[in-house]
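Participant: Pasting a structure here, questions to come.
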Protein chains: 2
Amino acid sequence: MAPDVKQRKYQVIGTRPVRHDGVDKVTGRAKYGADQRLAGMLEGAILRSPHAHARIRRIDTTQAQAMPGVRAIVTAADFPEQGDRIVELGEGMANMRHLSANVMAREKVLYKGHAVAAVAADNVHIAQAAAQRIHVEYEVLPAVTDVRAAMREDSLILNEEIRTQAFGSAPASPDAKPTNIAKHFVFELGDLAQGFGSAEVVIEREFDTSTVHQGYIEPHNATVSWNADDRVTVWMSTQGSFTARQQTAELLQIPVSHVKVVPMEIGGGFGGKISVYLPPVAALLSKKTGRPVRLVMSRADVFQGTGPTPGSHMRVKLGVKRDGTIVAGDAWIAFEAGAYTGSPIGPACMCVFSCYNVPNARVEGFDVCVNKPRTSAYRAPGSTHVAFAIETVVDEICSQIGMDPLTFRLKNAAREGIRRVDGPVYGRVGLEETLAAIQASEHYRTPLPGKYQGRGVASGFWFNVGLKSSVSATVNFDGTVTLVEGSTDIGGTRTSIAMQLAETLGIAVEDVTPTVVDTDSVGYTDVTGGSRVTFATGIAAVEAAKDIQRQLVQRAALLWNVDPSAVRYEAGSVWGPQQQCLRFKELAAELPTTGGPIIGRGTSSEATQGGAFATHCVDVEVDPDLAKVTILRYTAAQDVGTAIHPSYVEGQLQGGVVQGIGWALNEEYSYDDQGAMRNPTFLDYRMPTCYDVPMIDTILVEVPDPQHPYGVRGVGEVPICPPPAAIANAIYQAVGVRMRHLPMSPPRLWAELSKNSS
Amino acid sequence: MAPDVKQRKYQVIGTRPVRHDGVDKVTGRAKYGADQRLAGMLEGAILRSPHAHARIRRIDTTQAQAMPGVRAIVTAADFPEQGDRIVELGEGMANMRHLSANVMAREKVLYKGHAVAAVAADNVHIAQAAAQRIHVEYEVLPAVTDVRAAMREDSLILNEEIRTQAFGSAPASPDAKPTNIAKHFVFELGDLAQGFGSAEVVIEREFDTSTVHQGYIEPHNATVSWNADDRVTVWMSTQGSFTARQQTAELLQIPVSHVKVVPMEIGGGFGGKISVYLPPVAALLSKKTGRPVRLVMSRADVFQGTGPTPGSHMRVKLGVKRDGTIVAGDAWIAFEAGAYTGSPIGPACMCVFSCYNVPNARVEGFDVCVNKPRTSAYRAPGSTHVAFAIETVVDEICSQIGMDPLTFRLKNAAREGIRRVDGPVYGRVGLEETLAAIQASEHYRTPLPGKYQGRGVASGFWFNVGLKSSVSATVNFDGTVTLVEGSTDIGGTRTSIAMQLAETLGIAVEDVTPTVVDTDSVGYTDVTGGSRVTFATGIAAVEAAKDIQRQLVQRAALLWNVDPSAVRYEAGSVWGPQQQCLRFKELAAELPTTGGPIIGRGTSSEATQGGAFATHCVDVEVDPDLAKVTILRYTAAQDVGTAIHPSYVEGQLQGGVVQGIGWALNEEYSYDDQGAMRNPTFLDYRMPTCYDVPMIDTILVEVPDPQHPYGVRGVGEVPICPPPAAIANAIYQAVGVRMRHLPMSPPRLWAELSKNSS
């Protein structure tokens with residue numbers, strides 16, 4: 001716990017207080033989405049497609065409608081037509097026709113689990129029974145589930161209206177041939193031919209990754225009340241109440257100001273709780289019935305009906321000099337968008353070479369529709385896929401040229417002034433420091449003696465975003481402060497934001513009461529995602545604290561009868577020209593008689609975060625008979641900027657690593673020939689448990705981000721990126737096979753081991 | 001509807017939009033206190049004293065505790081000892097020993113209905129049954145229920161620790177004789193002896209009024225969750241969530257910042273929902289059980305266990321010249337405090353001569369403990385009592401000197417520059433305008449021809465207070481604005497505040513979404529009472545709107561690349577130096593790209609309202625056989641400052657008048673010899689219904705209050721003041737008897753009529 005005892009720059013930042021919402025959560029008093037109960041509330045169920053690809057001929061709800069206790073049924077026909085509206089939804093542009101069709105299938109179902117109809121009934125049992133009595137006549141079509149097959153000219157087409165705009169060519173004309181390739185683009189830097197021409201060693205490899213789910217524990221949920229005045233209230237767990245509000249409003253085509261989203265506690269999201277699935281459906285059921293309606297997904301619904309992270313096919317080629325200098329890189333990346341475009345192919349292409357100075361580079365990306373659920377974000381979206389590819393290629397090059405993989409990385413590491421393939425030039429970033437930290441670690445310096453044991457390292461990158469946040473804060477007359485924020489708290493951000501407010505005001509964090517409120521009660525705030533909250537909402541909190549400071553200075557000036565310019569705020573006190581001093585709590589007690597309450601406001605919008613880099617080191621042991629990989633030891637070093645609350649930072653690193661281990665070794669959607677997921681339960685979709693992973697050691701490298709007053713960097717996403725590659729590299733060291741398909745599950749590893757030994 | 005069609009000074013102010021919470025309320029979707037339901041919630045019941053005055057010898061809870069389903073029992077022993085703490089509770093100083101004993105009797109019960117113990121159980125039926133099995137051993141004492149009897153030296157004493165500090169003498173020593181007189185004070189102005197010496201006509205009369213309840217429809221309620229981290233959440237209907245928070249914290253002796261009060265909708269308060277009764281009890285039950293506990297009063301509990309307005313005995317003496325000039329006034333006023341001090345005797349004494357220029361005056365006031373519930377505020381607290389006295393004395397003087405009562409009042413009316421007996425000098429007030437309005441009214445100029453019919457007029461005064469309010473407001477990117485406020489909305493203030501925000505921003509009020517939030521989510525805000533909300537929270541909203549304007553100006557300057565000082569905000573638009581113009585909605589759409597969200601903050605603290613005056617005219621018909629008074633016609637003229645929402649202003653006038661009619665003619669606590677209320681139900685406690693009153697005509701006189709940017713004056717309280725006096729004066733005109741005891745119910749009027757005819 002070294003950071004706690006060293007001479008501290010800050011009073012609150014860097015300490016490890018108990019989180020404000022901790023007791024509520026461990027005592028079960030915290031209210032999650034499904035806990036919402038309203039008088040007269042109906043419960044709903046959704047009928048989902050049994051087919052991965054089919055045309056809907058007819059939906060007959062007669063029999064379901066006639067069941068006692070059934071109050072309303074909705075299908076796509078109840079949703080407003082969206083036409084070809086493209087709408088900015090806070091996180092980027094969205095095609096409303098697709099977004100709407102994803103929420104409720106119109107004309108075609110594009111994946112098994114695609115919502116087709118919904119029922120509201122007196123209780124969930126009636127609703128579920130009624131959903132089964134809705135008769136849907138399908139014309140079943142062959143399922144397109146392989147990304148390369150889907151890209152072929154002769155492939156069956158999922159969305160007939162999609163035309164490719166090939167990279168560099170004019171927009172496709174409406175009578176062009178439809179395609180499953182929904183996006184296609186290229187990033188280029190330097191001179192690729194010249195680069196590879198100067199290379200002395202070139203390695204090119206192909207990779208596949210399977211569909212993986214975020215695996216949050218709490219299923220999606222929504223309770224909606226459509227009031228008689230057409231005001232709609234949504235209670236739900238979501239990563240972004242404002243984004244959920246906007247999506248709901250756009251899908252229903254009602255004014256955004258008529259929708260209020262009340263964020264409940266959220267049991268995990270990891271990117272999967274940004275897209276909206278249930279609120280518009282519950283809203284229409286509520287509108288039809290005049291009563292509140294609650295919808296809660298089952299685990300199978302979550303797997304089959306919400307967005308996992310895409311499967312992918314990738315080709316990466318890297319050229320280096322014999323001395324280890326990278327001279328050129330070429331990547332070709334195709335992501336399975338799922339039913340509709342929306343995969344993180346963009347970030348993937350930006351990330352593939354992001355850890356290195358690659359002076360000549362080209363990256364080509366494709367987003368490809370297949371008959372799987374529309375994909376969605378998952379912790380550092382796209383970056384884990386490409387880290388698996390590039391970091392194993394780097395490892396192979398290091399083997400070939402006989403260079404220590406950390407030395408190689410240090411030689412080529414992204415640093416201030418280096419340009420990334422997609423354009424931006426890095427500011428102050430800390431990849432080198434993470435490489436040095438692993439190099440210096442007891443872990444890396446300890447030999448790994450055993451047979452079938454191996455050690456691997458890998459690095460990773462995530463952008464971290466800024467976006468918009470708002471907070472307000474008020475001073476109670478007893479010297480405590482209430483903090484109102486719009487960022488839903490997934491990973492302890494009530495506390496990390498409160499700590500920044502407390503630090504700026506020079507008060508104890510226990511004297512700050514943070515509250516996450518609904519969309520009518522705070523200013524616009526973007527999603528909890530992109531590792532942005534502690535950074536951007538933190539800036540807003542610092543601004544609010546400064547706004548409070550300014551007003552406290554004026555109050556003190558009033559009390560002392562001096563000019564405000566002669567008063568300063570410092571170290572939790574206001575100081576007058578004769579060194580008069582009032583501590584925060586003393587001055588708070590004077591507020592009632594000096595002008596009343598003080599409200600501080602703060603927003604953040606313009607700040608751009610510097611990126612986050614991580615380097616991980618893992619030791620594995622491979623059972624040669626079972627082809628099972630055991631993680632022996634794991635150390636994650638990461639540039640965390642300034643660790644506001646080190647325990648939560650460590651927790652983010654550990655959690656990210658464990659998810660990365662799951663992705664590396666076991667997790668995948670297992671599909672049958674008809675495109676049906678065969679393992680939509682937590683028994684069959686194998687996530688790591690505490691029996692599967694050792695304690696994850698963390699090294700917090702603090703390279704403050706100059707864009708933030710306290711140097712905060714987002715820490716939540718990048719820890720998921722290195723594990724698959726690091727483990728693949730360790731497997732190679734252990735048993736001499738290069739794994740190029742995720743997950744590296746026993747069957748796949750067994751196949752490779754068998755090839756090797758044959 | 002003249003105000004709506006005339007050339008308007010304002011765009012939004014003075015219009016009559018549908019209230020934002022209207023649909024929720026008429027469709028039953030609004031959630032009141034008793035609607036709160038939490039998982040695992042217990043329900044409670046309170047055992048109340050059957051005696052008006054008794055010493056508690058012993059409380060035996062054994063039998064109750066043993067009942068299946070009973071989870072906890074609390075008595076005063078569970079409450080922290082308060083000693084003699086005097087605490088400022090926002091509305092004035094409170095003796096915590098008394099406040100605590102009023103919530104749960106310790107040692108003595110001082111009124112029938114006084115809480116003695118409380119039970120939490122699995123359901124309310126078990127709780128009620130268990131409460132009845134708590135055995136309390138009482139030493140019953142004689143009940144002291146008459147204010148004059150209680151003042152006698154030899155009276156039985158309720159609170160042994162009270163010592164009188166007689167007016168003008170030193171603080172009473174601890175070994176002075178205890179007394180029931182809890183407060184005693186005198187206001188003096190001019191030279192009383194000289195004043196009466198110059199008088200040509202002097203009339204002195206004595207008056208009595210009975211105990212009257214506010215009669216709000218929704219009973220008191222509280223649901224409390226005492227969390228494992230000693231954070232307490234209270235859901236309740238209250239006039240002031242911050243005051244309720246502070247009282248709860250002080251009664252439980254926990255930090256105020258550990259209590260969050262979530263205000264539910266409130267079904268009437270009228271001053272009766274400021275004092276806290278249930279939250280500390282439910283809190284202790286929740287602490288003991290670890291589960292949320294809900295307490296809801298019955299109607300009988302409300303009548304017997306909460307604070308009505310005091311009964312009183314008053315003596316008023318007025319001296320005038322023959323020409324009608326008032327030269328001197330003397331008043332002696334004793335209020336029944338109830339069990340503990342707290343009656344509005346102070347305001348009563350300030351109000352008694354407040355409608356007149358009385359150059360030589362003296363007012364002596366007493367707050368006297370009696371064995372009735374501790375009294376509490378009721379709409380213009382204390383002013384209705386004294387208006388009944390002074391306004392009937394004035395009427396008698398007018399009869400005697402043969403002067404029209406409106407002419408007399410105009411001659412002596414309080415106006416700018418006149419000093420009130422308690423010191424303050426009036427600013428711009430509108431009493432004369434209300435007198436002139438009644439004088440000019442069709443009602444007053446229409447002869448009243450019938451036998452047993454009579455017409456009466458009377459005036460009234462209420463201070464209106466300022467106090468503290470906070471709001472914040474945020475601009476949505478679609479050009480709507482959310483408004484967050486701490487003032488619980490009893491009479492439509494969501495809308496009256498939103499209208500002021502909308503007016504200041506130059507937008508439609510429908511584009512403002514007002515929300516009343518909990519104490520953790522907004523700055524300190526005093527109670528909804530004192531006719532202060534539309535005034536003071538309105539000022540805060542105007543300030544917040546100006547704060548938004550300033551920020552919008554900066555955004556526009558950024559867009560136009562000009563200096564912000566060259567940009568101005570006017571008529572809902574920002575204007576640049578070359579007359580560039582962006583309407584509010586247009587600029588709101590630019591916010592995402594010019595710095596993000598905008599939050600406006602506003603507070604109000606220093607502003608002092610000017611007073612509100614009213615003059616009413618009523619026609620009655622008396623049935624000489626039944627002594628029943630029928631209201632034939634009623635017109636209320638009132639200086640309403642600027643009527644923000646005329647319909648709600650009219651509603652306030654009409655509601656106040658109807659409550660005044662009830663107080664005048666029927667409402668009273670009927671006590672038996674033992675001090676037990678005999679009529680604690682709405683069947684027996686006779687409030688007026690729509691069958692009892694005609695349509696109340698209103699004349700809105702608008703004399704803007706210069707203390708408020710739009711001239712707002714509180715309008716809610718003063719309309720209750722004139723009715724009893726006006727009706728008494730009308731009864732005199734109809735049947736020639738002067739009624740001096742409220743209510744002027746058939747038995748009392750019959751007695752007077754009988755005296756007259758005998």
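In the structure tokens, chains take the letters A, B, ... in the order shown, each chain's residues start at 1, and ligands count up from 1 in the order shown.
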Distance cut-off 6 Å, counting only C-alpha atoms - which residues of chain B neighbour chain A? Return them as a list of chain:residue names.

Facilitator: B:Thr474, B:Thr482, B:Val484, B:Asp520, B:Ser521, B:Gly523, B:Tyr524, B:Gly595, B:Gly596, B:Pro597, B:Ser605, B:Glu606

Participant: Tell me, as JSON, numbers by chain, which residues lie within 6 Å of range 609-623 of chain A, counting only C-alpha atoms; anything in the same chain fewer than 6 positions away does not count.

Facilitator: {"A": [431, 434, 435, 452, 453, 454, 455, 456, 457, 458, 459, 460, 461, 462, 463, 464, 465, 466, 629, 630, 631, 632, 633, 634, 635, 636, 637, 638, 639]}

Participant: Neighbours of range 263-267 of chain B within 7 Å (only C-alpha atoms; same-chain residues fewer than 5 positions away dropped), as a ChimeraX atom specification?

Facilitator: /B:30-33,216-218,235-238,241,488,490,518

Participant: Could you write out that same residue set with N, CA and C atoms as a PDB file, in the first residue's frame?

Facilitator:
```
ATOM      1  N   ALA B  30     -49.969  10.395  -9.334  1.00  0.00           N
ATOM      2  CA  ALA B  30     -49.093  11.082  -8.383  1.00  0.00           C
ATOM      3  C   ALA B  30     -48.968  10.237  -7.125  1.00  0.00           C
ATOM      4  N   LYS B  31     -47.773  10.182  -6.571  1.00  0.00           N
ATOM      5  CA  LYS B  31     -47.536   9.350  -5.390  1.00  0.00           C
ATOM      6  C   LYS B  31     -47.509  10.205  -4.128  1.00  0.00           C
ATOM      7  N   TYR B  32     -48.449   9.953  -3.266  1.00  0.00           N
ATOM      8  CA  TYR B  32     -48.502  10.635  -1.974  1.00  0.00           C
ATOM      9  C   TYR B  32     -47.765   9.774  -0.945  1.00  0.00           C
ATOM     10  N   GLY B  33     -47.615  10.342   0.238  1.00  0.00           N
ATOM     11  CA  GLY B  33     -46.804   9.666   1.248  1.00  0.00           C
ATOM     12  C   GLY B  33     -47.207   8.229   1.509  1.00  0.00           C
ATOM     13  N   TYR B 216     -56.551  19.468   6.268  1.00  0.00           N
ATOM     14  CA  TYR B 216     -55.974  18.890   5.049  1.00  0.00           C
ATOM     15  C   TYR B 216     -56.507  17.476   4.879  1.00  0.00           C
ATOM     16  N   ILE B 217     -56.651  17.069   3.628  1.00  0.00           N
ATOM     17  CA  ILE B 217     -57.292  15.786   3.346  1.00  0.00           C
ATOM     18  C   ILE B 217     -56.353  14.617   3.631  1.00  0.00           C
ATOM     19  N   GLU B 218     -55.092  14.775   3.296  1.00  0.00           N
ATOM     20  CA  GLU B 218     -54.142  13.663   3.440  1.00  0.00           C
ATOM     21  C   GLU B 218     -53.597  13.617   4.864  1.00  0.00           C
ATOM     22  N   TRP B 235     -39.351   9.091   3.518  1.00  0.00           N
ATOM     23  CA  TRP B 235     -40.320   9.458   2.488  1.00  0.00           C
ATOM     24  C   TRP B 235     -41.557   9.960   3.214  1.00  0.00           C
ATOM     25  N   MET B 236     -41.993  11.145   2.893  1.00  0.00           N
ATOM     26  CA  MET B 236     -43.141  11.687   3.627  1.00  0.00           C
ATOM     27  C   MET B 236     -43.752  12.825   2.831  1.00  0.00           C
ATOM     28  N   SER B 237     -44.972  13.153   3.170  1.00  0.00           N
ATOM     29  CA  SER B 237     -45.511  14.395   2.622  1.00  0.00           C
ATOM     30  C   SER B 237     -45.294  15.463   3.674  1.00  0.00           C
ATOM     31  N   THR B 238     -44.707  16.543   3.258  1.00  0.00           N
ATOM     32  CA  THR B 238     -44.315  17.593   4.185  1.00  0.00           C
ATOM     33  C   THR B 238     -44.338  18.934   3.465  1.00  0.00           C
ATOM     34  N   SER B 241     -39.166  19.795   3.164  1.00  0.00           N
ATOM     35  CA  SER B 241     -38.331  18.613   3.331  1.00  0.00           C
ATOM     36  C   SER B 241     -37.071  18.939   4.131  1.00  0.00           C
ATOM     37  N   THR B 488     -41.666  21.978  -1.834  1.00  0.00           N
ATOM     38  CA  THR B 488     -42.739  21.034  -2.102  1.00  0.00           C
ATOM     39  C   THR B 488     -43.945  21.813  -2.631  1.00  0.00           C
ATOM     40  N   ILE B 490     -47.582  22.572  -3.092  1.00  0.00           N
ATOM     41  CA  ILE B 490     -48.920  22.361  -2.528  1.00  0.00           C
ATOM     42  C   ILE B 490     -49.966  23.016  -3.417  1.00  0.00           C
ATOM     43  N   ASP B 518     -35.324  15.560  -3.656  1.00  0.00           N
ATOM     44  CA  ASP B 518     -35.048  15.308  -2.245  1.00  0.00           C
ATOM     45  C   ASP B 518     -33.962  16.239  -1.714  1.00  0.00           C
TER      46      ASP B 518
END
```

Participant: Just the number, please: distance in Å from CA of Pro310 in chain A to CA of Pro694 in chain A, one decimal.

Facilitator: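 Computed distance, CA of Pro310 in chain A to CA of Pro694 in chain A, equals 27.7 Å.
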
Participant: Please extract the residues of range 597-725 of chain A with a backbone DSSP assignment of strand (DSSP E) and present them as a count of residues only.

Facilitator: 36

Participant: Identify, on the basis of only C-alpha atoms, every residue whose closest approach to Pro724 in chain A does not exceed 6 Å; exclude the query and any residue fewer than 2 positions from it along the same chain; express the result as a VMD selection string.

Facilitator: chain A and resid 388 664 722 726 to 727

Participant: Skip Gln253 in chain B itself and residues of its chain fewer than 3 positions away, then list as an MDAnalysis selection string all residues within 9 Å of it, counting only C-alpha atoms.

Facilitator: chainID B and resid 79:80 82 248:250 256

Participant: Show me, as number ranges by chain, the residues that have an atom within 7 Å of Ala199 in chain B when counting only C-alpha atoms, minus same-chain residues fewer than 5 positions from it.

Facilitator: B: 319-321, 327

Participant: Got time to write the residues from that selection, C-alpha atoms, as a tab-separated table (two decimals), in the first residue's frame?

Facilitator:
```
chain	number	residue	atom	x	y	z
B	319	GLY	CA	-60.58	54.80	20.29
B	320	VAL	CA	-61.59	57.09	17.41
B	321	LYS	CA	-62.53	60.65	16.73
B	327	VAL	CA	-56.36	57.56	17.72
```

Participant: Counting only C-alpha atoms, what is within 12 Å of range 395-403 of chain B, bar same-chain residues fewer than 3 positions away, as a PyMOL selection string?

Facilitator: chain B and resi 199-205+317-326+387-392+406-411+455-459+725-733+736-740

Participant: Keeping only N, CA and C atoms, take the residues you just selected and write them out as a short mmCIF file (atom, residue, chain, number, x, y, z; two decimals), in the first residue's frame.

Facilitator:
```cif
data_model
loop_
_atom_site.label_atom_id
_atom_site.label_comp_id
_atom_site.auth_asym_id
_atom_site.auth_seq_id
_atom_site.Cartn_x
_atom_site.Cartn_y
_atom_site.Cartn_z
N ALA B 199 -59.61 60.34 22.34
CA ALA B 199 -60.66 59.62 21.61
C ALA B 199 -62.05 60.16 21.97
N GLU B 200 -62.95 60.18 21.01
CA GLU B 200 -64.32 60.62 21.25
C GLU B 200 -65.26 59.43 21.34
N VAL B 201 -64.86 58.34 20.71
CA VAL B 201 -65.65 57.12 20.84
C VAL B 201 -64.67 55.98 21.16
N VAL B 202 -64.95 55.24 22.19
CA VAL B 202 -64.10 54.11 22.55
C VAL B 202 -64.98 52.87 22.69
N ILE B 203 -64.56 51.83 22.04
CA ILE B 203 -65.30 50.56 22.21
C ILE B 203 -64.30 49.48 22.60
N GLU B 204 -64.67 48.70 23.59
CA GLU B 204 -63.82 47.60 24.04
C GLU B 204 -64.67 46.33 24.10
N ARG B 205 -64.17 45.28 23.52
CA ARG B 205 -64.95 44.04 23.47
C ARG B 205 -64.05 42.85 23.75
N LYS B 317 -59.68 47.06 22.30
CA LYS B 317 -60.25 48.38 22.62
C LYS B 317 -59.75 49.35 21.58
N LEU B 318 -60.69 50.11 21.00
CA LEU B 318 -60.30 51.04 19.95
C LEU B 318 -60.90 52.41 20.24
N GLY B 319 -60.09 53.43 20.08
CA GLY B 319 -60.58 54.80 20.29
C GLY B 319 -60.49 55.58 19.00
N VAL B 320 -61.58 56.30 18.65
CA VAL B 320 -61.59 57.09 17.41
C VAL B 320 -62.16 58.47 17.68
N LYS B 321 -61.86 59.35 16.77
CA LYS B 321 -62.53 60.65 16.73
C LYS B 321 -63.90 60.46 16.08
N ARG B 322 -64.77 61.44 16.29
CA ARG B 322 -66.10 61.38 15.65
C ARG B 322 -66.01 61.34 14.13
N ASP B 323 -64.93 61.95 13.58
CA ASP B 323 -64.77 61.95 12.12
C ASP B 323 -64.23 60.62 11.59
N GLY B 324 -64.03 59.68 12.51
CA GLY B 324 -63.58 58.36 12.08
C GLY B 324 -62.08 58.14 12.18
N THR B 325 -61.32 59.10 12.63
CA THR B 325 -59.88 58.93 12.75
C THR B 325 -59.54 58.07 13.97
N ILE B 326 -58.80 56.99 13.72
CA ILE B 326 -58.38 56.14 14.83
C ILE B 326 -57.27 56.86 15.59
N ALA B 387 -58.23 39.32 13.41
CA ALA B 387 -59.07 40.03 12.44
C ALA B 387 -60.53 39.94 12.87
N PHE B 388 -60.91 38.78 13.40
CA PHE B 388 -62.29 38.63 13.90
C PHE B 388 -62.57 39.69 14.97
N ALA B 389 -61.60 39.90 15.86
CA ALA B 389 -61.79 40.86 16.94
C ALA B 389 -61.80 42.30 16.42
N ILE B 390 -60.71 42.70 15.79
CA ILE B 390 -60.57 44.12 15.42
C ILE B 390 -61.59 44.52 14.37
N GLU B 391 -61.86 43.64 13.41
CA GLU B 391 -62.74 44.02 12.31
C GLU B 391 -64.20 44.11 12.74
N THR B 392 -64.57 43.39 13.78
CA THR B 392 -65.96 43.55 14.27
C THR B 392 -66.04 44.77 15.18
N LEU B 406 -66.36 50.93 4.64
CA LEU B 406 -65.24 51.01 3.69
C LEU B 406 -64.61 52.40 3.75
N THR B 407 -65.47 53.43 3.86
CA THR B 407 -64.95 54.80 3.97
C THR B 407 -64.09 54.93 5.21
N PHE B 408 -64.58 54.35 6.33
CA PHE B 408 -63.80 54.39 7.58
C PHE B 408 -62.43 53.73 7.37
N ARG B 409 -62.47 52.59 6.74
CA ARG B 409 -61.20 51.86 6.55
C ARG B 409 -60.27 52.62 5.61
N LEU B 410 -60.85 53.19 4.54
CA LEU B 410 -60.00 53.97 3.62
C LEU B 410 -59.33 55.12 4.35
N LYS B 411 -60.07 55.73 5.24
CA LYS B 411 -59.55 56.87 5.99
C LYS B 411 -58.36 56.46 6.86
N ARG B 455 -75.17 42.42 5.04
CA ARG B 455 -73.91 42.48 4.31
C ARG B 455 -72.81 42.93 5.27
N GLY B 456 -71.71 42.29 5.18
CA GLY B 456 -70.59 42.69 6.03
C GLY B 456 -69.32 42.81 5.21
N VAL B 457 -68.44 43.68 5.67
CA VAL B 457 -67.11 43.75 5.06
C VAL B 457 -66.07 43.60 6.17
N ALA B 458 -64.91 43.20 5.78
CA ALA B 458 -63.78 43.15 6.70
C ALA B 458 -62.50 43.07 5.90
N SER B 459 -61.44 43.55 6.52
CA SER B 459 -60.13 43.48 5.88
C SER B 459 -59.24 42.51 6.64
N ALA B 725 -64.86 37.77 10.47
CA ALA B 725 -65.31 39.11 10.84
C ALA B 725 -66.36 39.63 9.87
N ALA B 726 -66.12 39.43 8.57
CA ALA B 726 -67.09 39.91 7.58
C ALA B 726 -68.45 39.26 7.80
N ILE B 727 -68.41 37.96 8.09
CA ILE B 727 -69.68 37.24 8.31
C ILE B 727 -70.34 37.71 9.60
N ALA B 728 -69.54 37.93 10.65
CA ALA B 728 -70.10 38.44 11.91
C ALA B 728 -70.77 39.80 11.67
N ASN B 729 -70.08 40.65 10.88
CA ASN B 729 -70.65 41.97 10.58
C ASN B 729 -71.93 41.84 9.76
N ALA B 730 -71.96 40.87 8.86
CA ALA B 730 -73.15 40.66 8.04
C ALA B 730 -74.29 40.12 8.89
N ILE B 731 -73.96 39.23 9.84
CA ILE B 731 -75.00 38.70 10.73
C ILE B 731 -75.62 39.84 11.53
N TYR B 732 -74.77 40.77 11.98
CA TYR B 732 -75.30 41.91 12.72
C TYR B 732 -76.28 42.71 11.87
N GLN B 733 -75.88 42.91 10.60
CA GLN B 733 -76.78 43.64 9.69
C GLN B 733 -78.07 42.88 9.48
N GLY B 736 -79.10 41.83 13.83
CA GLY B 736 -78.87 42.78 14.92
C GLY B 736 -78.12 42.25 16.13
N VAL B 737 -77.49 41.10 16.01
CA VAL B 737 -76.68 40.64 17.15
C VAL B 737 -75.20 40.65 16.78
N ARG B 738 -74.37 40.98 17.76
CA ARG B 738 -72.93 41.00 17.58
C ARG B 738 -72.37 39.69 18.13
N MET B 739 -71.84 38.87 17.24
CA MET B 739 -71.28 37.58 17.64
C MET B 739 -69.82 37.79 18.01
N ARG B 740 -69.43 37.24 19.18
CA ARG B 740 -68.04 37.44 19.62
C ARG B 740 -67.36 36.12 20.03
#
```

Participant: Per DSSP on the backbone, what are the helix (DSSP H, G or I) residues of range 283-374 of chain B, as number ranges by chain?

Facilitator: B: 283-289, 299-305, 345-351

Participant: Quick one: of B:Leu278, B:Leu99, B:Val701, B:Leu505, who's nearest to Ile86 in chain B, counting only C-alpha atoms?

Facilitator: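 Looking at the shortest contact to Ile86 in chain B, the residue is B:Leu99.
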